[in-house]
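Asks: Below is a structure I'd like to ask you about.
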2 protein chains.
Amino acid sequence: MTEGATSQRTRARQPRADGERTRAAILRAAASLATVDGLEGLSIGNLAAAIGMSKSGLYAHFGSKQELQLATVQEAGRIFAGEVVEPALAAPAGLAQLAAVCEAFFEHLQRRTFPGGCFFAGAALEVGTRPGPVKEAVAAFQSGFVDLIKGFAATAIELGELPAGEDPQRLAFELNGIILATDTNFVLHDDPAVLDLARQVVRRRLGLDGS
Amino acid sequence: MTEGATSQRTRARQPRADGERTRAAILRAAASLATVDGLEGLSIGNLAAAIGMSKSGLYAHFGSKQELQLATVQEAGRIFAGEVVEPALAAPAGLAQLAAVCEAFFEHLQRRTFPGGCFFAGAALEVGTRPGPVKEAVAAFQSGFVDLIKGFAATAIELGELPAGEDPQRLAFELNGIILATDTNFVLHDDPAVLDLARQVVRRRLGLDGS
DNA sequence: CGGAACTTAGCACGATCGTTCGCGCTAAGT
DNA sequence: ACTTAGCGCGAACGATCGTGCTAAGTTCCG
(Lines give C-alpha, C1' and ligand atoms only; values in the text may rest on other atoms or scores of the structure.)
Protein backbone atom coordinates (compact mmCIF):
# COMPACT_ATOMS: atom_id res chain seq x y z
CA MET A 1 0.00 0.00 0.00
CA THR A 2 2.78 2.45 0.86
CA GLU A 3 4.80 1.76 -2.26
CA GLY A 4 3.56 2.87 -5.63
CA ALA A 5 3.54 0.80 -8.78
CA THR A 6 6.65 2.52 -10.08
CA SER A 7 8.40 2.84 -6.75
CA GLN A 8 12.17 3.22 -6.87
CA ARG A 9 12.73 2.22 -3.26
CA THR A 10 11.50 -1.32 -3.39
CA ARG A 11 12.76 -1.92 -6.95
CA ALA A 12 9.96 -4.37 -7.53
CA ARG A 13 11.32 -5.42 -10.90
CA GLN A 14 11.95 -4.18 -14.39
CA PRO A 15 10.71 -6.61 -17.04
CA ARG A 16 12.68 -7.19 -20.19
CA ALA A 17 11.27 -6.79 -23.70
CA ASP A 18 11.09 -10.49 -24.54
CA GLY A 19 9.63 -11.18 -21.12
CA GLU A 20 6.71 -8.87 -21.74
CA ARG A 21 6.16 -10.43 -25.14
CA THR A 22 5.88 -13.96 -23.77
CA ARG A 23 3.73 -12.70 -20.92
CA ALA A 24 1.35 -11.19 -23.44
CA ALA A 25 1.30 -14.44 -25.42
CA ILE A 26 0.55 -16.38 -22.25
CA LEU A 27 -2.37 -14.14 -21.35
CA ARG A 28 -3.85 -14.26 -24.83
CA ALA A 29 -3.83 -18.06 -24.73
CA ALA A 30 -5.05 -18.04 -21.13
CA ALA A 31 -8.09 -15.95 -21.98
CA SER A 32 -9.01 -18.31 -24.79
CA LEU A 33 -8.45 -21.45 -22.75
CA ALA A 34 -10.42 -20.07 -19.83
CA THR A 35 -13.53 -19.75 -21.98
CA VAL A 36 -13.37 -23.50 -22.55
CA ASP A 37 -12.08 -24.90 -19.24
CA GLY A 38 -13.15 -22.09 -16.95
CA LEU A 39 -10.94 -19.85 -14.82
CA GLU A 40 -10.48 -22.60 -12.25
CA GLY A 41 -10.17 -25.40 -14.77
CA LEU A 42 -7.41 -23.50 -16.52
CA SER A 43 -4.32 -25.45 -15.47
CA ILE A 44 -0.72 -24.29 -15.59
CA GLY A 45 0.35 -27.47 -17.34
CA ASN A 46 -2.24 -27.25 -20.11
CA LEU A 47 -1.56 -23.57 -20.63
CA ALA A 48 2.19 -24.14 -20.80
CA ALA A 49 1.76 -26.96 -23.29
CA ALA A 50 -0.56 -24.85 -25.41
CA ILE A 51 2.06 -22.18 -25.99
CA GLY A 52 5.02 -24.56 -25.98
CA MET A 53 6.90 -23.63 -22.84
CA SER A 54 7.62 -25.22 -19.47
CA LYS A 55 5.33 -25.04 -16.47
CA SER A 56 7.95 -23.38 -14.29
CA GLY A 57 8.93 -20.87 -16.94
CA LEU A 58 5.34 -19.81 -17.30
CA TYR A 59 4.71 -19.86 -13.57
CA ALA A 60 7.57 -17.45 -12.94
CA HIS A 61 5.60 -14.67 -14.62
CA PHE A 62 2.92 -14.88 -11.94
CA GLY A 63 3.66 -15.78 -8.36
CA SER A 64 0.52 -17.86 -7.98
CA LYS A 65 -2.41 -19.23 -9.88
CA GLN A 66 -4.64 -16.47 -8.52
CA GLU A 67 -2.32 -13.85 -9.97
CA LEU A 68 -2.54 -15.61 -13.32
CA GLN A 69 -6.33 -15.61 -13.09
CA LEU A 70 -6.36 -11.93 -12.20
CA ALA A 71 -4.11 -11.06 -15.12
CA THR A 72 -6.24 -13.22 -17.41
CA VAL A 73 -9.38 -11.35 -16.40
CA GLN A 74 -7.66 -8.04 -17.11
CA GLU A 75 -6.50 -9.30 -20.50
CA ALA A 76 -10.02 -10.46 -21.36
CA GLY A 77 -11.23 -7.03 -20.28
CA ARG A 78 -8.80 -5.34 -22.67
CA ILE A 79 -9.93 -7.55 -25.55
CA PHE A 80 -13.60 -6.98 -24.75
CA ALA A 81 -13.05 -3.24 -24.52
CA GLY A 82 -11.33 -3.20 -27.89
CA GLU A 83 -13.86 -5.36 -29.70
CA VAL A 84 -17.15 -4.33 -28.12
CA VAL A 85 -16.88 -1.11 -26.10
CA GLU A 86 -14.73 0.96 -28.44
CA PRO A 87 -16.85 0.35 -31.57
CA ALA A 88 -19.91 1.36 -29.55
CA LEU A 89 -18.28 4.55 -28.33
CA ALA A 90 -17.38 5.40 -31.91
CA ALA A 91 -21.05 5.57 -32.88
CA PRO A 92 -23.14 8.77 -32.52
CA ALA A 93 -24.28 9.32 -28.95
CA GLY A 94 -27.70 8.01 -27.95
CA LEU A 95 -29.76 5.34 -29.64
CA ALA A 96 -27.06 4.57 -32.20
CA GLN A 97 -24.67 3.60 -29.40
CA LEU A 98 -27.22 1.21 -27.94
CA ALA A 99 -27.59 -0.52 -31.28
CA ALA A 100 -23.84 -0.42 -31.85
CA VAL A 101 -22.90 -2.06 -28.56
CA CYS A 102 -25.26 -4.96 -29.26
CA GLU A 103 -24.08 -5.34 -32.83
CA ALA A 104 -20.44 -5.20 -31.74
CA PHE A 105 -21.11 -7.97 -29.23
CA PHE A 106 -22.79 -10.14 -31.83
CA GLU A 107 -19.81 -9.69 -34.14
CA HIS A 108 -17.54 -10.47 -31.21
CA LEU A 109 -19.30 -13.83 -30.98
CA GLN A 110 -19.47 -14.37 -34.73
CA ARG A 111 -15.77 -13.63 -35.14
CA ARG A 112 -15.14 -16.36 -32.54
CA THR A 113 -12.51 -14.37 -30.73
CA PHE A 114 -12.80 -16.93 -27.95
CA PRO A 115 -13.73 -20.56 -28.54
CA GLY A 116 -16.11 -20.49 -25.56
CA GLY A 117 -18.05 -17.37 -26.47
CA CYS A 118 -18.10 -14.38 -24.15
CA PHE A 119 -15.41 -14.60 -21.49
CA PHE A 120 -17.26 -12.64 -18.84
CA ALA A 121 -20.60 -14.41 -19.24
CA GLY A 122 -18.95 -17.70 -18.35
CA ALA A 123 -16.63 -16.22 -15.73
CA ALA A 124 -19.46 -14.44 -13.92
CA LEU A 125 -21.40 -17.62 -13.22
CA GLU A 126 -18.24 -19.52 -12.34
CA VAL A 127 -16.67 -17.16 -9.81
CA GLY A 128 -19.95 -15.70 -8.54
CA THR A 129 -20.01 -18.06 -5.58
CA ARG A 130 -16.29 -17.80 -4.81
CA PRO A 131 -15.42 -14.67 -2.85
CA GLY A 132 -12.02 -13.18 -3.54
CA PRO A 133 -10.15 -10.76 -5.79
CA VAL A 134 -11.01 -12.69 -8.96
CA LYS A 135 -14.74 -12.46 -8.34
CA GLU A 136 -14.35 -8.77 -7.50
CA ALA A 137 -12.56 -8.10 -10.77
CA VAL A 138 -15.18 -9.92 -12.82
CA ALA A 139 -18.05 -8.24 -10.96
CA ALA A 140 -16.48 -4.82 -11.44
CA PHE A 141 -16.16 -5.32 -15.18
CA GLN A 142 -19.71 -6.58 -15.52
CA SER A 143 -21.04 -3.63 -13.52
CA GLY A 144 -19.06 -1.25 -15.67
CA PHE A 145 -20.49 -2.73 -18.83
CA VAL A 146 -24.08 -2.45 -17.60
CA ASP A 147 -23.42 1.13 -16.48
CA LEU A 148 -22.11 1.89 -19.95
CA ILE A 149 -25.34 0.66 -21.53
CA LYS A 150 -27.34 2.56 -18.91
CA GLY A 151 -25.54 5.74 -19.90
CA PHE A 152 -26.27 5.16 -23.58
CA ALA A 153 -29.94 4.64 -22.74
CA ALA A 154 -30.14 7.79 -20.61
CA THR A 155 -28.66 9.85 -23.44
CA ALA A 156 -31.07 8.34 -25.95
CA ILE A 157 -34.00 9.30 -23.73
CA GLU A 158 -32.69 12.84 -23.27
CA LEU A 159 -32.36 13.18 -27.03
CA GLY A 160 -35.97 12.03 -27.45
CA GLU A 161 -34.91 8.95 -29.42
CA LEU A 162 -36.71 6.76 -26.93
CA PRO A 163 -40.04 7.27 -25.12
CA ALA A 164 -39.79 9.30 -21.92
CA GLY A 165 -41.41 6.38 -20.11
CA GLU A 166 -38.30 4.24 -20.59
CA ASP A 167 -36.10 3.58 -17.59
CA PRO A 168 -32.37 3.40 -18.39
CA GLN A 169 -31.76 0.76 -15.74
CA ARG A 170 -34.59 -1.46 -16.95
CA LEU A 171 -33.51 -1.12 -20.58
CA ALA A 172 -29.89 -1.87 -19.70
CA PHE A 173 -31.05 -4.96 -17.82
CA GLU A 174 -33.07 -6.15 -20.81
CA LEU A 175 -30.26 -5.62 -23.30
CA ASN A 176 -27.85 -7.37 -20.95
CA GLY A 177 -30.31 -10.26 -20.90
CA ILE A 178 -30.51 -10.38 -24.68
CA ILE A 179 -26.73 -10.46 -24.81
CA LEU A 180 -26.52 -13.29 -22.29
CA ALA A 181 -29.22 -15.31 -24.04
CA THR A 182 -27.42 -14.85 -27.33
CA ASP A 183 -24.13 -16.04 -25.89
CA THR A 184 -25.67 -19.03 -24.10
CA ASN A 185 -27.60 -20.25 -27.14
CA PHE A 186 -24.74 -19.59 -29.51
CA VAL A 187 -22.29 -21.54 -27.36
CA LEU A 188 -24.72 -24.35 -26.65
CA HIS A 189 -26.08 -24.94 -30.14
CA ASP A 190 -23.34 -23.40 -32.26
CA ASP A 191 -25.99 -21.98 -34.58
CA PRO A 192 -25.41 -18.64 -36.35
CA ALA A 193 -29.19 -18.30 -36.73
CA VAL A 194 -29.22 -17.31 -33.06
CA LEU A 195 -27.42 -14.11 -34.01
CA ASP A 196 -30.08 -13.22 -36.59
CA LEU A 197 -32.83 -13.77 -34.05
CA ALA A 198 -30.96 -11.64 -31.52
CA ARG A 199 -30.55 -8.84 -34.05
CA GLN A 200 -34.28 -8.87 -34.75
CA VAL A 201 -35.05 -8.70 -31.04
CA VAL A 202 -32.71 -5.74 -30.53
CA ARG A 203 -34.14 -3.81 -33.46
CA ARG A 204 -37.68 -4.38 -32.22
CA ARG A 205 -36.85 -3.44 -28.68
CA LEU A 206 -35.13 -0.20 -29.70
CA GLY A 207 -37.92 0.74 -32.10
CA LEU A 208 -35.64 0.60 -35.15
CA ASP A 209 -37.91 -1.72 -37.09
CA GLY A 210 -41.08 -0.35 -38.66
CA SER A 211 -41.11 3.02 -36.96
CA MET B 1 -28.17 -51.92 -27.67
CA THR B 2 -29.70 -55.41 -27.91
CA GLU B 3 -30.70 -55.55 -24.27
CA GLY B 4 -33.54 -53.47 -22.93
CA ALA B 5 -33.42 -51.40 -19.76
CA THR B 6 -35.46 -53.96 -17.82
CA SER B 7 -34.09 -57.03 -19.52
CA GLN B 8 -34.33 -60.27 -17.58
CA ARG B 9 -31.65 -62.06 -19.53
CA THR B 10 -28.77 -59.76 -18.70
CA ARG B 11 -30.05 -59.04 -15.19
CA ALA B 12 -28.49 -55.59 -15.32
CA ARG B 13 -29.02 -55.02 -11.60
CA GLN B 14 -31.65 -54.59 -8.97
CA PRO B 15 -30.89 -51.80 -6.52
CA ARG B 16 -31.73 -52.20 -2.88
CA ALA B 17 -33.83 -49.80 -0.84
CA ASP B 18 -30.98 -48.25 1.15
CA GLY B 19 -28.89 -48.04 -1.99
CA GLU B 20 -31.44 -45.90 -3.75
CA ARG B 21 -31.72 -43.68 -0.68
CA THR B 22 -28.00 -42.97 -0.55
CA ARG B 23 -27.92 -42.54 -4.30
CA ALA B 24 -30.63 -39.92 -4.02
CA ALA B 25 -28.74 -38.19 -1.22
CA ILE B 26 -25.57 -38.20 -3.32
CA LEU B 27 -27.33 -36.62 -6.29
CA ARG B 28 -29.00 -33.93 -4.20
CA ALA B 29 -25.62 -32.91 -2.79
CA ALA B 30 -24.02 -33.24 -6.22
CA ALA B 31 -26.49 -30.84 -7.82
CA SER B 32 -25.83 -28.26 -5.11
CA LEU B 33 -22.07 -28.66 -5.23
CA ALA B 34 -22.04 -28.46 -9.02
CA THR B 35 -23.59 -24.97 -8.93
CA VAL B 36 -20.54 -23.84 -6.96
CA ASP B 37 -17.66 -25.85 -8.40
CA GLY B 38 -19.10 -26.62 -11.81
CA LEU B 39 -19.87 -30.02 -13.28
CA GLU B 40 -16.20 -30.63 -14.03
CA GLY B 41 -14.93 -29.13 -10.79
CA LEU B 42 -17.22 -31.42 -8.83
CA SER B 43 -14.77 -34.00 -7.48
CA ILE B 44 -15.58 -37.43 -6.13
CA GLY B 45 -13.51 -36.78 -3.01
CA ASN B 46 -15.23 -33.51 -2.15
CA LEU B 47 -18.66 -34.96 -2.80
CA ALA B 48 -17.93 -38.03 -0.70
CA ALA B 49 -16.67 -35.90 2.17
CA ALA B 50 -19.72 -33.64 1.91
CA ILE B 51 -22.13 -36.48 2.60
CA GLY B 52 -19.80 -38.42 4.89
CA MET B 53 -18.95 -41.52 2.94
CA SER B 54 -15.90 -43.00 1.26
CA LYS B 55 -14.81 -42.19 -2.28
CA SER B 56 -15.03 -45.80 -3.44
CA GLY B 57 -18.42 -46.35 -1.81
CA LEU B 58 -19.81 -43.37 -3.64
CA TYR B 59 -18.03 -44.27 -6.84
CA ALA B 60 -19.66 -47.71 -6.91
CA HIS B 61 -23.04 -46.07 -7.59
CA PHE B 62 -21.76 -44.70 -10.90
CA GLY B 63 -19.23 -46.46 -13.04
CA SER B 64 -17.46 -43.28 -14.02
CA LYS B 65 -17.40 -39.56 -13.39
CA GLN B 66 -19.35 -38.95 -16.58
CA GLU B 67 -22.17 -41.18 -15.34
CA LEU B 68 -22.23 -39.17 -12.13
CA GLN B 69 -22.41 -35.94 -14.12
CA LEU B 70 -25.22 -37.32 -16.27
CA ALA B 71 -27.21 -38.41 -13.21
CA THR B 72 -26.56 -35.03 -11.59
CA VAL B 73 -27.95 -33.19 -14.62
CA GLN B 74 -31.06 -35.38 -14.52
CA GLU B 75 -31.49 -34.72 -10.80
CA ALA B 76 -31.15 -30.97 -11.36
CA GLY B 77 -33.74 -31.32 -14.12
CA ARG B 78 -36.18 -32.99 -11.75
CA ILE B 79 -35.70 -30.24 -9.17
CA PHE B 80 -36.10 -27.51 -11.77
CA ALA B 81 -39.21 -29.16 -13.16
CA GLY B 82 -40.74 -29.34 -9.71
CA GLU B 83 -39.89 -25.80 -8.65
CA VAL B 84 -40.28 -23.84 -11.88
CA VAL B 85 -42.11 -25.79 -14.59
CA GLU B 86 -44.90 -27.35 -12.52
CA PRO B 87 -46.02 -24.09 -10.86
CA ALA B 88 -46.16 -22.51 -14.31
CA LEU B 89 -48.25 -25.34 -15.72
CA ALA B 90 -50.64 -24.95 -12.80
CA ALA B 91 -51.53 -21.40 -13.90
CA PRO B 92 -54.30 -20.66 -16.43
CA ALA B 93 -53.14 -21.23 -19.99
CA GLY B 94 -51.76 -18.26 -21.93
CA LEU B 95 -50.40 -15.01 -20.54
CA ALA B 96 -50.75 -16.14 -16.93
CA GLN B 97 -48.39 -19.05 -17.59
CA LEU B 98 -45.78 -16.71 -19.04
CA ALA B 99 -45.92 -14.58 -15.91
CA ALA B 100 -45.99 -17.67 -13.68
CA VAL B 101 -42.91 -19.31 -15.17
CA CYS B 102 -40.88 -16.13 -14.63
CA GLU B 103 -42.17 -15.65 -11.11
CA ALA B 104 -41.51 -19.30 -10.27
CA PHE B 105 -37.93 -18.91 -11.50
CA PHE B 106 -37.40 -15.78 -9.40
CA GLU B 107 -38.68 -17.61 -6.34
CA HIS B 108 -36.44 -20.52 -7.25
CA LEU B 109 -33.51 -18.11 -6.96
CA GLN B 110 -34.84 -16.34 -3.89
CA ARG B 111 -35.42 -19.62 -2.06
CA ARG B 112 -31.75 -20.41 -2.72
CA THR B 113 -32.41 -23.99 -3.69
CA PHE B 114 -28.86 -24.10 -5.01
CA PRO B 115 -26.03 -22.01 -3.58
CA GLY B 116 -24.85 -21.12 -7.07
CA GLY B 117 -28.16 -19.94 -8.51
CA CYS B 118 -29.65 -21.66 -11.53
CA PHE B 119 -28.00 -25.00 -12.22
CA PHE B 120 -28.58 -24.97 -15.96
CA ALA B 121 -27.47 -21.40 -16.56
CA GLY B 122 -24.05 -22.24 -15.19
CA ALA B 123 -23.91 -25.70 -16.72
CA ALA B 124 -24.82 -24.47 -20.19
CA LEU B 125 -21.84 -22.13 -20.42
CA GLU B 126 -19.51 -24.69 -18.86
CA VAL B 127 -20.27 -27.71 -21.03
CA GLY B 128 -21.19 -25.76 -24.16
CA THR B 129 -17.72 -26.18 -25.61
CA ARG B 130 -17.28 -29.81 -24.54
CA PRO B 131 -19.00 -32.24 -26.88
CA GLY B 132 -20.40 -35.36 -25.29
CA PRO B 133 -23.44 -36.83 -23.58
CA VAL B 134 -23.33 -34.31 -20.74
CA LYS B 135 -23.53 -31.34 -23.09
CA GLU B 136 -26.32 -33.05 -24.99
CA ALA B 137 -28.33 -33.55 -21.82
CA VAL B 138 -27.92 -29.93 -20.77
CA ALA B 139 -28.71 -28.63 -24.25
CA ALA B 140 -31.81 -30.80 -24.46
CA PHE B 141 -33.14 -29.48 -21.18
CA GLN B 142 -32.47 -25.88 -22.13
CA SER B 143 -34.18 -26.33 -25.48
CA GLY B 144 -37.15 -27.92 -23.78
CA PHE B 145 -37.48 -25.00 -21.40
CA VAL B 146 -37.39 -22.44 -24.21
CA ASP B 147 -39.93 -24.47 -26.16
CA LEU B 148 -42.17 -24.50 -23.12
CA ILE B 149 -42.09 -20.70 -22.95
CA LYS B 150 -42.63 -20.52 -26.69
CA GLY B 151 -45.76 -22.63 -26.31
CA PHE B 152 -47.08 -20.38 -23.55
CA ALA B 153 -46.50 -17.35 -25.77
CA ALA B 154 -48.23 -18.93 -28.78
CA THR B 155 -51.27 -19.72 -26.65
CA ALA B 156 -51.36 -16.18 -25.25
CA ILE B 157 -51.33 -14.76 -28.78
CA GLU B 158 -54.11 -17.11 -29.89
CA LEU B 159 -56.19 -16.02 -26.92
CA GLY B 160 -55.66 -12.39 -27.88
CA GLU B 161 -53.84 -11.64 -24.61
CA LEU B 162 -50.84 -10.41 -26.56
CA PRO B 163 -50.66 -8.34 -29.79
CA ALA B 164 -50.88 -10.41 -32.97
CA GLY B 165 -47.59 -8.87 -34.04
CA GLU B 166 -45.73 -10.76 -31.32
CA ASP B 167 -43.54 -13.68 -32.36
CA PRO B 168 -43.48 -16.59 -29.86
CA GLN B 169 -39.86 -17.38 -30.62
CA ARG B 170 -38.72 -13.80 -30.15
CA LEU B 171 -40.68 -13.41 -26.92
CA ALA B 172 -39.34 -16.71 -25.58
CA PHE B 173 -35.82 -15.54 -26.41
CA GLU B 174 -36.36 -12.26 -24.56
CA LEU B 175 -37.81 -13.91 -21.46
CA ASN B 176 -34.97 -16.42 -21.47
CA GLY B 177 -32.62 -13.45 -21.55
CA ILE B 178 -34.34 -11.78 -18.64
CA ILE B 179 -34.07 -15.01 -16.69
CA LEU B 180 -30.35 -15.35 -17.46
CA ALA B 181 -29.64 -11.72 -16.60
CA THR B 182 -31.48 -12.13 -13.32
CA ASP B 183 -29.49 -15.23 -12.41
CA THR B 184 -26.15 -13.72 -13.39
CA ASN B 185 -26.69 -10.50 -11.45
CA PHE B 186 -28.19 -12.28 -8.46
CA VAL B 187 -25.27 -14.68 -8.23
CA LEU B 188 -22.65 -12.04 -8.85
CA HIS B 189 -23.90 -9.30 -6.54
CA ASP B 190 -26.06 -11.32 -4.14
CA ASP B 191 -28.60 -8.50 -4.16
CA PRO B 192 -32.35 -9.28 -3.80
CA ALA B 193 -33.11 -5.92 -5.45
CA VAL B 194 -32.21 -7.62 -8.74
CA LEU B 195 -35.34 -9.74 -8.38
CA ASP B 196 -37.54 -6.66 -7.97
CA LEU B 197 -36.04 -5.09 -11.08
CA ALA B 198 -36.55 -8.34 -13.00
CA ARG B 199 -40.20 -8.52 -11.90
CA GLN B 200 -40.76 -4.97 -13.14
CA VAL B 201 -39.20 -5.79 -16.49
CA VAL B 202 -41.34 -8.90 -16.92
CA ARG B 203 -44.57 -7.05 -16.05
CA ARG B 204 -43.74 -4.28 -18.51
CA ARG B 205 -42.78 -6.69 -21.26
CA LEU B 206 -45.97 -8.70 -20.89
CA GLY B 207 -48.15 -5.59 -20.74
CA LEU B 208 -49.32 -6.35 -17.20
CA ASP B 209 -48.41 -2.93 -15.85
CA GLY B 210 -50.63 0.01 -16.67
CA SER B 211 -52.75 -1.60 -19.34
C1' DC C 1 -32.49 -69.90 8.05
C1' DG C 2 -29.02 -69.91 4.39
C1' DG C 3 -27.13 -68.10 0.34
C1' DA C 4 -27.03 -64.68 -3.34
C1' DA C 5 -27.26 -60.45 -4.41
C1' DC C 6 -26.23 -55.34 -3.29
C1' DT C 7 -23.63 -51.86 -0.51
C1' DT C 8 -19.74 -49.74 1.52
C1' DA C 9 -14.88 -49.26 3.12
C1' DG C 10 -9.74 -49.75 2.68
C1' DC C 11 -5.95 -49.55 -0.04
C1' DA C 12 -3.28 -48.57 -3.97
C1' DC C 13 -2.28 -47.14 -8.84
C1' DG C 14 -0.72 -43.63 -12.33
C1' DA C 15 -1.60 -39.02 -13.69
C1' DT C 16 -1.95 -34.30 -12.89
C1' DC C 17 -2.45 -30.46 -9.82
C1' DG C 18 0.00 -25.90 -7.92
C1' DT C 19 4.40 -24.73 -6.25
C1' DT C 20 9.53 -24.35 -5.28
C1' DC C 21 14.47 -24.42 -6.24
C1' DG C 22 18.70 -24.08 -8.68
C1' DC C 23 21.22 -23.74 -12.83
C1' DG C 24 22.41 -22.08 -17.76
C1' DC C 25 21.28 -18.39 -20.89
C1' DT C 26 20.56 -13.99 -22.93
C1' DA C 27 19.40 -9.29 -23.24
C1' DA C 28 20.42 -4.72 -21.48
C1' DG C 29 23.26 -0.91 -19.01
C1' DT C 30 27.83 1.13 -18.00
C1' DA D 1 33.67 -5.78 -22.86
C1' DC D 2 32.00 -6.83 -18.58
C1' DT D 3 28.53 -7.02 -15.23
C1' DT D 4 23.93 -7.72 -13.87
C1' DA D 5 19.30 -8.97 -13.70
C1' DG D 6 15.46 -10.83 -15.83
C1' DC D 7 14.24 -15.16 -18.26
C1' DG D 8 13.26 -20.03 -19.15
C1' DC D 9 14.01 -24.92 -18.20
C1' DG D 10 14.35 -29.50 -15.70
C1' DA D 11 13.53 -31.89 -11.72
C1' DA D 12 11.11 -32.67 -7.78
C1' DC D 13 7.76 -32.00 -3.77
C1' DG D 14 3.19 -33.22 -1.48
C1' DA D 15 -1.53 -33.25 -2.49
C1' DT D 16 -5.47 -34.62 -4.96
C1' DC D 17 -7.52 -36.26 -9.12
C1' DG D 18 -10.39 -40.42 -11.31
C1' DT D 19 -10.32 -45.25 -11.18
C1' DG D 20 -9.75 -50.03 -10.01
C1' DC D 21 -9.56 -54.43 -6.72
C1' DT D 22 -10.67 -56.87 -2.59
C1' DA D 23 -13.10 -57.92 1.26
C1' DA D 24 -16.16 -57.10 4.88
C1' DG D 25 -21.08 -55.92 6.14
C1' DT D 26 -26.19 -55.73 5.08
C1' DT D 27 -30.56 -56.64 2.99
C1' DC D 28 -33.61 -59.53 0.60
C1' DC D 29 -35.55 -63.96 -1.50
C1' DG D 30 -36.55 -68.65 -1.27
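Ordering of the C-alpha coordinates sets the chain letters (A, B, ...), residue numbers begin anew at 1 in every chain, and ligands are numbered from 1 in the order given.
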Set the cut-off to 9 Å and count only C-alpha atoms (C1' of nucleotides): what are the residues of chain B that reach chain C? Output as a PyMOL selection string.
Replies: chain B and resi 13-16+18-19+53-58+60
Asks: Restrict the distance test to only C-alpha atoms, flag each residue of chain B within 6 Å of chain A, and return the flagged residues as JSON, numbers by chain.
Replies: {"B": [36, 116, 122, 125, 128, 129, 177, 178, 181, 187, 188]}
Asks: By least-squares superposition of chain A on chain B, using all C-alpha atoms in order, what RMSD in Å to one decimal is obtained?
Replies: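 Between chain B and chain A, the C-alpha RMSD is 0.2 Å.
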Asks: Counting only C-alpha atoms (C1' of nucleotides), which residues of chain D come no farther than 10 Å from chain B, as a PyMOL selection string?
Replies: chain D and resi 16-20+26-28
Asks: As a PyMOL selection string, list the residues of chain A assigned to helix (DSSP H, G or I) by DSSP on the backbone atoms of this structure.
Replies: chain A and resi 17-41+44-51+55-59+65-90+95-110+119-127+133-158+168-189+193-205
Asks: What is the CA of Glu103 in chain A-CA of Val146 in chain A distance in Å, reported with one decimal?
Replies: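 For CA of Glu103 in chain A relative to CA of Val146 in chain A, the distance reads 15.5 Å.
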